[in-house]
>>> print(open('protein-v3.pdb').read())   # PDB, C-alpha atoms
MODEL        1
ATOM      1  CA  MET N  14      17.216 -22.018 -14.993
ATOM      2  CA  LYS N  15      18.561 -21.362 -11.492
ATOM      3  CA  ARG N  16      16.295 -21.012  -8.445
ATOM      4  CA  TYR N  17      16.471 -18.123  -5.961
ATOM      5  CA  GLU N  18      14.613 -17.981  -2.649
ATOM      6  CA  LEU N  19      13.367 -14.743  -1.108
ATOM      7  CA  THR N  20      15.909 -15.194   1.680
ATOM      8  CA  ASP N  21      18.725 -14.636  -0.839
ATOM      9  CA  SER N  22      20.677 -11.599   0.371
ATOM     10  CA  ARG N  23      20.518 -10.036  -3.099
ATOM     11  CA  ILE N  24      16.730  -9.946  -3.035
ATOM     12  CA  LYS N  25      15.054  -7.175  -1.040
ATOM     13  CA  ILE N  26      11.472  -7.384   0.259
ATOM     14  CA  TYR N  27       9.896  -3.949   0.596
ATOM     15  CA  GLY N  28       6.634  -3.052   2.298
ATOM     16  CA  VAL N  29       6.591  -6.197   4.455
ATOM     17  CA  PRO N  30       8.774  -5.496   7.520
ATOM     18  CA  CYS N  31       7.539  -8.698   9.200
ATOM     19  CA  PHE N  32       9.483 -10.690   6.620
ATOM     20  CA  TYR N  33      12.688  -9.621   8.352
ATOM     21  CA  THR N  34      11.382  -9.939  11.918
ATOM     22  CA  GLU N  35       9.181 -13.051  11.677
ATOM     23  CA  GLY N  36      10.399 -14.632   8.447
ATOM     24  CA  LYS N  37       6.930 -14.533   6.903
ATOM     25  CA  LEU N  38       5.151 -12.588   4.197
ATOM     26  CA  THR N  39       2.633 -10.941   6.527
ATOM     27  CA  ARG N  40       1.857  -7.298   7.242
ATOM     28  CA  LEU N  41       1.136  -7.639  10.955
ATOM     29  CA  PRO N  42       3.053  -9.628  13.563
ATOM     30  CA  GLU N  43       1.234 -12.321  15.512
ATOM     31  CA  TYR N  44       1.010 -10.316  18.735
ATOM     32  CA  VAL N  45      -0.951  -7.546  16.982
ATOM     33  CA  ILE N  46      -3.343 -10.034  15.372
ATOM     34  CA  GLU N  47      -3.915 -11.595  18.796
ATOM     35  CA  LYS N  48      -4.870  -8.182  20.178
ATOM     36  CA  VAL N  49      -7.020  -7.244  17.170
ATOM     37  CA  PRO N  50      -8.532 -10.533  15.921
ATOM     38  CA  SER N  51     -10.586  -8.736  13.251
ATOM     39  CA  LEU N  52      -7.297  -8.221  11.388
ATOM     40  CA  ASP N  53      -6.444 -11.926  11.254
ATOM     41  CA  TRP N  54      -6.983 -12.430   7.517
ATOM     42  CA  HIS N  55      -6.359  -8.809   6.521
ATOM     43  CA  GLY N  56      -3.127  -8.534   8.470
ATOM     44  CA  ARG N  57      -1.697 -11.664   6.873
ATOM     45  CA  ARG N  58      -2.192 -10.387   3.312
ATOM     46  CA  VAL N  59       0.544  -8.317   1.688
ATOM     47  CA  PRO N  60      -0.827  -5.571  -0.602
ATOM     48  CA  GLY N  61       1.941  -3.056  -1.176
ATOM     49  CA  GLY N  62       4.619  -5.714  -0.761
ATOM     50  CA  ARG N  63       7.376  -5.705  -3.384
ATOM     51  CA  ILE N  64      10.162  -8.138  -4.295
ATOM     52  CA  CYS N  65      13.115  -6.223  -5.765
ATOM     53  CA  PHE N  66      16.445  -7.200  -7.332
ATOM     54  CA  ARG N  67      18.650  -6.475 -10.340
ATOM     55  CA  THR N  68      19.454  -8.979 -13.050
ATOM     56  CA  ASP N  69      20.594  -9.332 -16.635
ATOM     57  CA  SER N  70      18.533 -12.487 -17.069
ATOM     58  CA  GLU N  71      16.510 -12.578 -20.256
ATOM     59  CA  HIS N  72      13.971 -14.986 -18.771
ATOM     60  CA  MET N  73      12.257 -14.936 -15.380
ATOM     61  CA  ASP N  74       9.931 -17.541 -13.917
ATOM     62  CA  ILE N  75       8.118 -16.509 -10.734
ATOM     63  CA  TYR N  76       6.439 -19.321  -8.806
ATOM     64  CA  VAL N  77       3.619 -18.378  -6.429
ATOM     65  CA  LYS N  78       1.694 -20.507  -3.934
ATOM     66  CA  TYR N  79      -1.257 -19.168  -1.942
ATOM     67  CA  LYS N  80      -2.741 -20.300   1.351
ATOM     68  CA  THR N  81      -6.111 -18.746   0.544
ATOM     69  CA  MET N  82      -8.283 -18.002  -2.470
ATOM     70  CA  HIS N  83     -11.303 -15.708  -2.330
ATOM     71  CA  VAL N  84     -13.808 -14.450  -4.857
ATOM     72  CA  ASP N  85     -14.000 -10.660  -4.675
ATOM     73  CA  VAL N  86     -17.194  -9.236  -6.141
ATOM     74  CA  GLY N  87     -15.479  -5.937  -6.878
ATOM     75  CA  MET N  88     -12.167  -7.106  -8.293
ATOM     76  CA  SER N  89     -11.136  -9.646 -10.918
ATOM     77  CA  ILE N  90      -8.398 -12.240 -10.527
ATOM     78  CA  PHE N  91      -6.146  -9.822 -12.413
ATOM     79  CA  ALA N  92      -6.749  -7.232  -9.687
ATOM     80  CA  SER N  93      -6.938  -9.414  -6.585
ATOM     81  CA  GLN N  94      -4.702 -12.424  -7.084
ATOM     82  CA  SER N  95      -2.112 -11.406  -9.676
ATOM     83  CA  ILE N  96       1.516 -10.422  -9.311
ATOM     84  CA  ASN N  97       2.681  -7.430 -11.361
ATOM     85  CA  VAL N  98       6.204  -7.059 -12.732
ATOM     86  CA  TYR N  99       7.980  -3.791 -13.549
ATOM     87  CA  VAL N 100      11.525  -3.438 -14.906
ATOM     88  CA  GLY N 101      13.878  -0.478 -15.033
ATOM     89  CA  GLU N 102      14.662   2.377 -12.679
ATOM     90  CA  LYS N 103      11.760   2.773 -10.269
ATOM     91  CA  PRO N 104      10.560   6.280 -11.211
ATOM     92  CA  THR N 105      10.526   5.402 -14.918
ATOM     93  CA  SER N 106      10.018   1.640 -14.756
ATOM     94  CA  ARG N 107       7.954  -0.039 -17.432
ATOM     95  CA  PHE N 108       5.187  -2.562 -16.944
ATOM     96  CA  LEU N 109       6.400  -5.981 -18.068
ATOM     97  CA  GLY N 110       3.117  -7.736 -17.359
ATOM     98  CA  LEU N 111       1.279  -9.747 -14.762
ATOM     99  CA  SER N 112       0.674 -13.360 -13.851
ATOM    100  CA  TRP N 113      -2.401 -14.868 -12.234
ATOM    101  CA  PRO N 114      -4.016 -18.168 -11.235
ATOM    102  CA  ARG N 115      -6.230 -19.560 -13.992
ATOM    103  CA  ASP N 116      -9.283 -19.848 -11.705
ATOM    104  CA  TYR N 117     -10.412 -19.700  -8.071
ATOM    105  CA  ASN N 118      -9.486 -23.333  -7.501
ATOM    106  CA  THR N 119      -5.843 -22.792  -8.436
ATOM    107  CA  MET N 120      -3.543 -22.123  -5.475
ATOM    108  CA  GLU N 121      -0.229 -22.340  -7.371
ATOM    109  CA  PHE N 122       0.834 -20.731 -10.611
ATOM    110  CA  THR N 123       3.915 -19.608 -12.533
ATOM    111  CA  GLY N 124       4.504 -16.299 -14.227
ATOM    112  CA  ARG N 125       6.905 -16.383 -17.154
ATOM    113  CA  PHE N 126       8.431 -13.100 -18.247
ATOM    114  CA  LYS N 127      11.001 -12.046 -20.827
ATOM    115  CA  LYS N 128      13.032  -8.855 -20.879
ATOM    116  CA  ASP N 129      16.153  -7.502 -22.559
ATOM    117  CA  LYS N 130      19.365  -9.247 -21.585
ATOM    118  CA  ILE N 131      20.727  -6.218 -19.785
ATOM    119  CA  MET N 132      21.271  -5.465 -16.109
ATOM    120  CA  GLU N 133      18.215  -3.668 -14.763
ATOM    121  CA  ASP N 134      15.977  -3.495 -11.730
ATOM    122  CA  VAL N 135      13.011  -5.823 -11.352
ATOM    123  CA  THR N 136      10.075  -5.008  -9.071
ATOM    124  CA  VAL N 137       7.435  -7.656  -8.384
ATOM    125  CA  LEU N 138       4.269  -6.309  -6.775
ATOM    126  CA  LEU N 139       2.558  -8.827  -4.522
ATOM    127  CA  PRO N 140      -1.203  -9.489  -4.614
ATOM    128  CA  ARG N 141      -3.875  -7.686  -2.633
ATOM    129  CA  ASN N 142      -6.304 -10.377  -1.581
ATOM    130  CA  GLU N 143      -4.506 -13.579  -0.692
ATOM    131  CA  ILE N 144      -2.250 -14.903   2.022
ATOM    132  CA  VAL N 145       0.980 -15.961   0.333
ATOM    133  CA  ASP N 146       2.423 -19.350   1.242
ATOM    134  CA  SER N 147       5.653 -19.145  -0.763
ATOM    135  CA  ILE N 148       7.356 -17.513  -3.729
ATOM    136  CA  TYR N 149      10.595 -18.261  -5.504
ATOM    137  CA  ILE N 150      12.239 -16.992  -8.677
ATOM    138  CA  GLU N 151      14.129 -18.755 -11.454
ATOM    139  CA  LEU N 152      16.585 -16.953 -13.753
ATOM    140  CA  ASP N 153      18.816 -18.037 -16.644
ATOM    141  CA  ASP N 154      21.713 -20.241 -15.536
ATOM    142  CA  ASP N 155      24.304 -17.682 -16.616
ATOM    143  CA  ALA N 156      22.416 -14.668 -15.247
ATOM    144  CA  VAL N 157      23.860 -12.206 -12.754
ATOM    145  CA  ILE N 158      21.672 -11.156  -9.819
ATOM    146  CA  GLU N 159      22.420  -8.165  -7.594
ATOM    147  CA  LYS N 160      20.808  -6.143  -4.848
ATOM    148  CA  PRO N 161      18.234  -3.665  -6.201
ATOM    149  CA  THR N 162      18.939   0.010  -6.678
ATOM    150  CA  PRO N 163      17.824   1.644  -3.411
ATOM    151  CA  TYR N 164      14.841   3.956  -3.409
ATOM    152  CA  LYS N 165      15.726   7.631  -3.379
ATOM    153  CA  TYR N 166      13.779   7.736  -0.119
ATOM    154  CA  GLU N 167      14.557   4.431   1.578
ATOM    155  CA  LYS N 168      12.738   5.277   4.806
ATOM    156  CA  PRO N 169       9.146   4.272   3.998
ATOM    157  CA  ILE N 170       5.907   6.202   4.104
ATOM    158  CA  VAL N 171       3.303   4.375   6.209
ATOM    159  CA  PHE N 172      -0.261   4.505   4.871
ATOM    160  CA  TYR N 173      -3.060   3.404   7.218
ATOM    161  CA  GLY N 174      -6.677   3.208   6.185
ATOM    162  CA  SER N 175      -9.486   1.364   4.459
ATOM    163  CA  SER N 176      -9.870  -0.852   1.396
ATOM    164  CA  ILE N 177      -9.111   2.220  -0.709
ATOM    165  CA  THR N 178      -5.715   2.548   0.949
ATOM    166  CA  GLU N 179      -5.297  -1.182   0.365
ATOM    167  CA  GLY N 180      -5.830  -0.746  -3.388
ATOM    168  CA  GLY N 181      -9.504  -1.512  -3.882
ATOM    169  CA  ILE N 182     -10.815  -1.351  -6.519
ATOM    170  CA  SER N 183      -7.985  -0.788  -8.986
ATOM    171  CA  CYS N 184      -7.515  -3.196 -11.891
ATOM    172  CA  ASN N 185      -4.157  -4.236 -10.413
ATOM    173  CA  MET N 186      -2.019  -3.322  -7.410
ATOM    174  CA  ALA N 187       0.306  -1.149  -9.480
ATOM    175  CA  ASN N 188      -2.553   1.326 -10.026
ATOM    176  CA  ALA N 189      -3.383   1.953  -6.365
ATOM    177  CA  TYR N 190      -2.665   5.572  -5.462
ATOM    178  CA  THR N 191      -0.069   4.466  -2.914
ATOM    179  CA  ALA N 192       1.841   2.548  -5.597
ATOM    180  CA  ILE N 193       1.575   5.416  -8.093
ATOM    181  CA  ILE N 194       3.037   7.881  -5.598
ATOM    182  CA  SER N 195       5.808   5.448  -4.682
ATOM    183  CA  ARG N 196       6.861   5.021  -8.321
ATOM    184  CA  HIS N 197       6.688   8.715  -9.170
ATOM    185  CA  LEU N 198       8.618   9.881  -6.106
ATOM    186  CA  ASP N 199      10.944   6.868  -5.836
ATOM    187  CA  THR N 200      10.004   6.219  -2.220
ATOM    188  CA  ASP N 201       9.462   3.056  -0.255
ATOM    189  CA  TYR N 202       6.104   2.614   1.483
ATOM    190  CA  ILE N 203       4.185   0.281   3.769
ATOM    191  CA  ASN N 204       0.510  -0.248   2.968
ATOM    192  CA  LEU N 205      -1.547  -0.811   6.128
ATOM    193  CA  GLY N 206      -4.935  -0.590   4.482
ATOM    194  CA  PHE N 207      -7.376  -3.099   6.008
ATOM    195  CA  SER N 208     -10.534  -3.495   3.981
ATOM    196  CA  GLY N 209     -13.533  -2.754   6.205
ATOM    197  CA  ASN N 210     -11.441  -3.200   9.333
ATOM    198  CA  ALA N 211      -9.382  -0.064   9.898
ATOM    199  CA  LYS N 212     -11.110   1.489  12.890
ATOM    200  CA  GLY N 213      -8.387   3.416  14.624
ATOM    201  CA  GLU N 214      -7.444   0.715  17.116
ATOM    202  CA  ILE N 215      -4.749   1.910  19.503
ATOM    203  CA  GLU N 216      -3.022  -1.461  19.182
ATOM    204  CA  VAL N 217      -2.411  -0.725  15.503
ATOM    205  CA  ALA N 218      -0.985   2.690  16.380
ATOM    206  CA  ASP N 219       1.331   0.966  18.847
ATOM    207  CA  TYR N 220       2.561  -1.346  16.091
ATOM    208  CA  ILE N 221       3.104   1.565  13.698
ATOM    209  CA  ASN N 222       5.171   3.178  16.430
ATOM    210  CA  THR N 223       7.621   0.270  16.240
ATOM    211  CA  LEU N 224       8.373   1.092  12.596
ATOM    212  CA  ASP N 225      10.939   3.545  11.273
ATOM    213  CA  PHE N 226       9.135   5.745   8.735
ATOM    214  CA  SER N 227       9.421   9.103   7.013
ATOM    215  CA  ILE N 228       5.744  10.153   6.847
ATOM    216  CA  PHE N 229       2.544   8.802   8.343
ATOM    217  CA  VAL N 230      -0.628   9.079   6.212
ATOM    218  CA  TYR N 231      -4.011   7.987   7.538
ATOM    219  CA  ASP N 232      -7.626   8.128   6.405
ATOM    220  CA  TYR N 233      -9.723   5.390   7.971
ATOM    221  CA  ASP N 234     -13.017   7.301   8.125
ATOM    222  CA  HIS N 235     -14.600   4.976   5.536
ATOM    223  CA  ASN N 236     -14.302   2.149   8.058
ATOM    224  CA  ALA N 237     -15.411   4.118  11.091
ATOM    225  CA  PRO N 238     -18.977   2.959  11.882
ATOM    226  CA  THR N 239     -20.093   6.535  12.588
ATOM    227  CA  ALA N 240     -18.809  10.080  12.757
ATOM    228  CA  GLU N 241     -18.976   9.717  16.536
ATOM    229  CA  HIS N 242     -16.527   6.823  16.310
ATOM    230  CA  LEU N 243     -14.099   9.116  14.504
ATOM    231  CA  TRP N 244     -14.467  11.780  17.168
ATOM    232  CA  LYS N 245     -13.586   9.163  19.805
ATOM    233  CA  THR N 246     -10.657   7.524  17.992
ATOM    234  CA  HIS N 247      -9.044   9.841  15.444
ATOM    235  CA  GLU N 248      -7.248  12.264  17.757
ATOM    236  CA  PRO N 249      -6.202   9.585  20.279
ATOM    237  CA  PHE N 250      -4.693   7.611  17.395
ATOM    238  CA  PHE N 251      -2.743  10.675  16.279
ATOM    239  CA  LYS N 252      -1.570  11.449  19.804
ATOM    240  CA  ARG N 253      -0.399   7.871  20.240
ATOM    241  CA  ILE N 254       1.764   8.208  17.122
ATOM    242  CA  ARG N 255       3.097  11.525  18.394
ATOM    243  CA  GLU N 256       4.210   9.931  21.667
ATOM    244  CA  LYS N 257       6.899   7.963  19.825
ATOM    245  CA  HIS N 258       7.327  10.115  16.714
ATOM    246  CA  PRO N 259       7.051  13.742  17.831
ATOM    247  CA  ASP N 260       8.547  15.226  14.669
ATOM    248  CA  VAL N 261       7.485  12.869  11.868
ATOM    249  CA  PRO N 262       5.158  14.551   9.336
ATOM    250  CA  VAL N 263       1.571  13.299   9.625
ATOM    251  CA  VAL N 264      -0.916  13.666   6.774
ATOM    252  CA  MET N 265      -4.594  13.388   7.713
ATOM    253  CA  MET N 266      -6.996  12.745   4.856
ATOM    254  CA  THR N 267     -10.729  12.277   4.517
ATOM    255  CA  ARG N 268     -12.329   9.716   2.300
ATOM    256  CA  PRO N 269     -12.879  10.099  -1.422
ATOM    257  CA  TYR N 270     -16.533  10.156  -2.420
ATOM    258  CA  ALA N 271     -18.459  11.005  -5.552
ATOM    259  CA  VAL N 272     -20.562  13.698  -3.855
ATOM    260  CA  TYR N 273     -20.138  14.727  -0.223
ATOM    261  CA  GLY N 274     -23.244  14.789   1.941
ATOM    262  CA  GLU N 275     -24.141  15.309   5.582
ATOM    263  CA  ASP N 276     -22.385  12.167   6.827
ATOM    264  CA  GLU N 277     -19.194  12.893   4.863
ATOM    265  CA  TYR N 278     -19.067  16.447   6.211
ATOM    266  CA  ALA N 279     -19.606  15.192   9.761
ATOM    267  CA  ARG N 280     -16.701  12.770   9.387
ATOM    268  CA  ARG N 281     -14.528  15.450   7.818
ATOM    269  CA  ASP N 282     -15.191  17.718  10.812
ATOM    270  CA  ALA N 283     -13.840  15.030  13.133
ATOM    271  CA  VAL N 284     -10.655  14.580  11.109
ATOM    272  CA  TYR N 285     -10.150  18.317  10.674
ATOM    273  CA  ALA N 286     -10.559  18.849  14.425
ATOM    274  CA  THR N 287      -7.534  16.606  15.035
ATOM    275  CA  TYR N 288      -5.521  18.642  12.548
ATOM    276  CA  LYS N 289      -6.721  22.010  13.908
ATOM    277  CA  ASN N 290      -5.970  21.047  17.506
ATOM    278  CA  ALA N 291      -2.494  19.906  16.559
ATOM    279  CA  VAL N 292      -1.733  23.156  14.735
ATOM    280  CA  GLU N 293      -3.053  25.240  17.621
ATOM    281  CA  SER N 294      -0.849  23.281  20.017
ATOM    282  CA  GLY N 295       2.222  24.248  17.956
ATOM    283  CA  ASP N 296       2.651  21.130  15.838
ATOM    284  CA  LYS N 297       4.306  22.209  12.571
ATOM    285  CA  ASN N 298       4.411  18.770  10.971
ATOM    286  CA  VAL N 299       0.735  18.062  10.319
ATOM    287  CA  TYR N 300      -1.109  18.294   7.008
ATOM    288  CA  PHE N 301      -4.772  17.980   6.045
ATOM    289  CA  ILE N 302      -6.152  16.810   2.697
ATOM    290  CA  ASP N 303      -9.869  17.169   2.072
ATOM    291  CA  GLY N 304     -11.144  14.061   0.275
ATOM    292  CA  GLU N 305     -13.853  16.086  -1.420
ATOM    293  CA  THR N 306     -11.196  17.892  -3.452
ATOM    294  CA  TYR N 307     -10.004  14.758  -5.264
ATOM    295  CA  PHE N 308     -12.844  14.856  -7.776
ATOM    296  CA  LYS N 309     -14.802  18.022  -7.022
ATOM    297  CA  ASP N 310     -13.628  19.886 -10.127
ATOM    298  CA  CYS N 311     -13.746  16.838 -12.395
ATOM    299  CA  PRO N 312     -16.696  17.073 -14.804
ATOM    300  CA  ASP N 313     -16.673  13.281 -15.063
ATOM    301  CA  ARG N 314     -16.306  12.527 -11.375
ATOM    302  CA  GLU N 315     -18.979   9.832 -11.563
ATOM    303  CA  LEU N 316     -16.564   7.934 -13.829
ATOM    304  CA  CYS N 317     -14.001   7.801 -11.017
ATOM    305  CA  PHE N 318     -15.795   5.128  -9.004
ATOM    306  CA  ILE N 319     -16.910   1.540  -9.190
ATOM    307  CA  ASP N 320     -19.716   1.956  -6.643
ATOM    308  CA  ARG N 321     -19.600   5.622  -5.523
ATOM    309  CA  ILE N 322     -17.269   4.473  -2.711
ATOM    310  CA  HIS N 323     -14.227   2.776  -4.205
ATOM    311  CA  PRO N 324     -12.208   4.638  -6.851
ATOM    312  CA  ASN N 325     -11.332   2.863 -10.069
ATOM    313  CA  ASP N 326      -8.004   3.402 -11.848
ATOM    314  CA  TYR N 327      -9.079   6.842 -13.061
ATOM    315  CA  GLY N 328     -10.095   7.770  -9.538
ATOM    316  CA  PHE N 329      -6.801   6.553  -8.099
ATOM    317  CA  HIS N 330      -4.932   8.556 -10.720
ATOM    318  CA  LEU N 331      -6.764  11.730  -9.672
ATOM    319  CA  MET N 332      -6.151  10.965  -5.997
ATOM    320  CA  ALA N 333      -2.426  10.566  -6.676
ATOM    321  CA  GLN N 334      -2.373  13.882  -8.548
ATOM    322  CA  ARG N 335      -3.808  15.620  -5.483
ATOM    323  CA  ILE N 336      -1.772  13.845  -2.804
ATOM    324  CA  GLU N 337       1.590  13.463  -4.544
ATOM    325  CA  PRO N 338       2.643  17.159  -4.606
ATOM    326  CA  ILE N 339       2.105  17.395  -0.849
ATOM    327  CA  ILE N 340       4.088  14.226  -0.172
ATOM    328  CA  LYS N 341       6.818  15.442  -2.534
ATOM    329  CA  LYS N 342       7.213  18.753  -0.673
ATOM    330  CA  ILE N 343       7.390  16.948   2.648
ATOM    331  CA  LEU N 344      10.024  14.490   1.431
ATOM    332  CA  GLU N 345      12.127  17.306   0.010
ATOM    333  CA  LYS N 346      12.155  19.023   3.428
ATOM    334  CA  ILE N 347      13.088  15.950   5.453
TER
ENDMDL
END
>>> encode(input="protein-v3.pdb", output="structure tokens")
Amino acid sequence: MKRYELTDSRIKIYGVPCFYTEGKLTRLPEYVIEKVPSLDWHGRRVPGGRICFRTDSEHMDIYVKYKTMHVDVGMSIFASQSINVYVGEKPTSRFLGLSWPRDYNTMEFTGRFKKDKIMEDVTVLLPRNEIVDSIYIELDDDAVIEKPTPYKYEKPIVFYGSSITEGGISCNMANAYTAIISRHLDTDYINLGFSGNAKGEIEVADYINTLDFSIFVYDYDHNAPTAEHLWKTHEPFFKRIREKHPDVPVVMMTRPYAVYGEDEYARRDAVYATYKNAVESGDKNVYFIDGETYFKDCPDRELCFIDRIHPNDYGFHLMAQRIEPIIKKILEKI
């Protein structure tokens, strides 16, 4: 078996732009973490990160070493600490399997996978919950490795929001609604979901403004302490993005919830006000998605959640069904 490091030019790291600017698997650069210390741990994790390449190797060993290991009461090791491997063209790729540490005391593990000995794309989805120390890949000695087939839409969508955006609480990262939409539409994406800590900080907007992206999607109202907080932060966050990206489509969403009540409606009003004001000012590249519509017509909507807050895989599937057509129409117009 021959070893390949992530720095190999034939391997592409998607969803983790800091890998190419700071040489690390981290979602936020150090200067942002210094300005927003609450994102220290969250910003160093890499949910949504993908390792991509093409190979005809029949065998693949993927070695993973973590810097952290946390018990998550809502997600198993399969969901929180595993890597997921897909093979084949991205829109129709098939799930090859996952690999995970054997327990919460194990910081290093190896995933061993076998596929057909034909040239095809490989996509490795990185874990949600842990800070990654290092990863390398081993392939058959006689294997060919090439750069991955580019996404149809190489310019990424940026998603910013809560633990739901981050992928909680799907059974694995491949089933998060962001990942589902990416596979279906063959588009790159950057997942800036920060569990419990997405509060519309202007410093985060400033970082997003440094990225080159096709669409900006945000829905952090779950993490806003109150509806009043949303009123104070949601529109300024949007306007900050608009300062640097005046024409990029922006999708504003409200949180999924089993049954909307007074607080959910109050938060929705704040988000909708940003959208309405933008439209009235002549902005033709804004979109609004009402989170209540994800499950409202589902007779089994109570089955969509783990805890009435976080969608499960079924809930994420329904979210993707609602959001994907809108994203698809936007991408087709760009």
>>> residues_around(input="protein-v3.pdb", residues="segment 108-124 of chain N", least_positions_apart="6", cutoff="10 Å", atoms="all atoms listed in the file", output="MDAnalysis selection string")
chainID N and resid 73:84 90:101 135:138 140 143 145:150 185 187
>>> closest_residue(input="protein-v3.pdb", among="N:Val292, N:Ile228, N:Ala218, N:Val261", to="Val49 of chain N", atoms="all atoms listed in the file")
N:Ala218
>>> residues_around(input="protein-v3.pdb", residues="segment 198-208 of chain N", least_positions_apart="3", cutoff="8 Å", atoms="only C-alpha atoms", output="ChimeraX atom specification")
/N:27-29,40,52,55-56,60-62,103-104,164-180,191,194-195,211,236,341
>>> residues_near_point(input="protein-v3.pdb", point="(18.1, -20.8, -8.4)", cutoff="10 Å", atoms="only C-alpha atoms", output="list in words")
Met14, Lys15, Arg16, Tyr17, Glu18, Asp21, Tyr149, Ile150, Glu151, Leu152, Asp153 and Asp154 of chain N
>>> write_last_selection(input="protein-v3.pdb", atoms="C-alpha atoms", output="short mmCIF file (atom, residue, chain, number, x, y, z; two decimals), keeping the file's coordinate frame")
data_model
loop_
_atom_site.label_atom_id
_atom_site.label_comp_id
_atom_site.auth_asym_id
_atom_site.auth_seq_id
_atom_site.Cartn_x
_atom_site.Cartn_y
_atom_site.Cartn_z
CA MET N 14 17.22 -22.02 -14.99
CA LYS N 15 18.56 -21.36 -11.49
CA ARG N 16 16.30 -21.01 -8.44
CA TYR N 17 16.47 -18.12 -5.96
CA GLU N 18 14.61 -17.98 -2.65
CA ASP N 21 18.73 -14.64 -0.84
CA TYR N 149 10.60 -18.26 -5.50
CA ILE N 150 12.24 -16.99 -8.68
CA GLU N 151 14.13 -18.76 -11.45
CA LEU N 152 16.58 -16.95 -13.75
CA ASP N 153 18.82 -18.04 -16.64
CA ASP N 154 21.71 -20.24 -15.54
#
>>> resolve_selection(input="protein-v3.pdb", expression="the PyMOL selection byres ((chain N and resi 268) around 9)", output="PyMOL selection string")
chain N and resi 177+232-235+266-267+269-270+277+280-281+303-305+322
>>> residues_around(input="protein-v3.pdb", residues="Asp129 of chain N", least_positions_apart="6", cutoff="10 Å", atoms="only C-alpha atoms", output="ChimeraX atom specification")
/N:69-72,100
>>> closest_residue(input="protein-v3.pdb", among="N:Trp244, N:Phe126, N:Tyr190, N:Tyr307", to="Lys212 of chain N", atoms="all atoms listed in the file")
N:Trp244
>>> closest_residue(input="protein-v3.pdb", among="N:Phe66, N:Phe301, N:Ala286, N:Glu337", to="Tyr231 of chain N", atoms="all atoms listed in the file")
N:Phe301
>>> residues_near_point(input="protein-v3.pdb", point="(-0.5, 14.6, 8.6)", cutoff="8 Å", atoms="all atoms listed in the file", output="MDAnalysis selection string")
chainID N and resid 228:231 262:266 288 298:301
>>> write_last_selection(input="protein-v3.pdb", atoms="C-alpha atoms", output="mmCIF file, keeping the file's coordinate frame")
data_model
loop_
_atom_site.group_PDB
_atom_site.id
_atom_site.type_symbol
_atom_site.label_atom_id
_atom_site.label_comp_id
_atom_site.auth_asym_id
_atom_site.auth_seq_id
_atom_site.Cartn_x
_atom_site.Cartn_y
_atom_site.Cartn_z
ATOM 1 C CA ILE N 228 5.744 10.153 6.847
ATOM 2 C CA PHE N 229 2.544 8.802 8.343
ATOM 3 C CA VAL N 230 -0.628 9.079 6.212
ATOM 4 C CA TYR N 231 -4.011 7.987 7.538
ATOM 5 C CA PRO N 262 5.158 14.551 9.336
ATOM 6 C CA VAL N 263 1.571 13.299 9.625
ATOM 7 C CA VAL N 264 -0.916 13.666 6.774
ATOM 8 C CA MET N 265 -4.594 13.388 7.713
ATOM 9 C CA MET N 266 -6.996 12.745 4.856
ATOM 10 C CA TYR N 288 -5.521 18.642 12.548
ATOM 11 C CA ASN N 298 4.411 18.770 10.971
ATOM 12 C CA VAL N 299 0.735 18.062 10.319
ATOM 13 C CA TYR N 300 -1.109 18.294 7.008
ATOM 14 C CA PHE N 301 -4.772 17.980 6.045
#
>>> residues_around(input="protein-v3.pdb", residues="Lys160 of chain N", least_positions_apart="6", cutoff="8 Å", atoms="all atoms listed in the file", output="compact mmCIF listing (two decimals) with C-alpha atoms, keeping the file's coordinate frame")
# COMPACT_ATOMS: atom_id res chain seq x y z
CA SER N 22 20.68 -11.60 0.37
CA ARG N 23 20.52 -10.04 -3.10
CA ILE N 24 16.73 -9.95 -3.04
CA LYS N 25 15.05 -7.18 -1.04
CA CYS N 65 13.12 -6.22 -5.76
CA PHE N 66 16.44 -7.20 -7.33
CA ARG N 67 18.65 -6.48 -10.34
>>> closest_residue(input="protein-v3.pdb", among="N:Ile144, N:Leu224, N:Ala291, N:Met132", to="Lys37 of chain N", atoms="all atoms listed in the file")
N:Ile144
>>> axis_aligned_box(input="protein-v3.pdb", around="segment 201-212 of chain N", padding_each_side="6 Å", output="lines of an AutoDock Vina configuration file")
center_x = -2.0
center_y = -0.2
center_z = 6.3
size_x = 35.0
size_y = 18.6
size_z = 25.1
>>> closest_residue(input="protein-v3.pdb", among="N:Arg107, N:His247, N:His258, N:Arg141", to="Arg196 of chain N", atoms="only C-alpha atoms")
N:Arg107
>>> atom_distance(input="protein-v3.pdb", atom1="atom CA of Lys127 of chain N", atom2="atom CA of Leu38 of chain N")
25.7 Å
>>> closest_residue(input="protein-v3.pdb", among="N:Ser183, N:Thr105, N:Asn325, N:Ser51", to="Ala271 of chain N", atoms="all atoms listed in the file")
N:Asn325
>>> atom_distance(input="protein-v3.pdb", atom1="atom CA of Lys309 of chain N", atom2="atom CA of Glu241 of chain N")
25.3 Å
>>> atom_distance(input="protein-v3.pdb", atom1="atom CA of Leu331 of chain N", atom2="atom CA of Glu315 of chain N")
12.5 Å
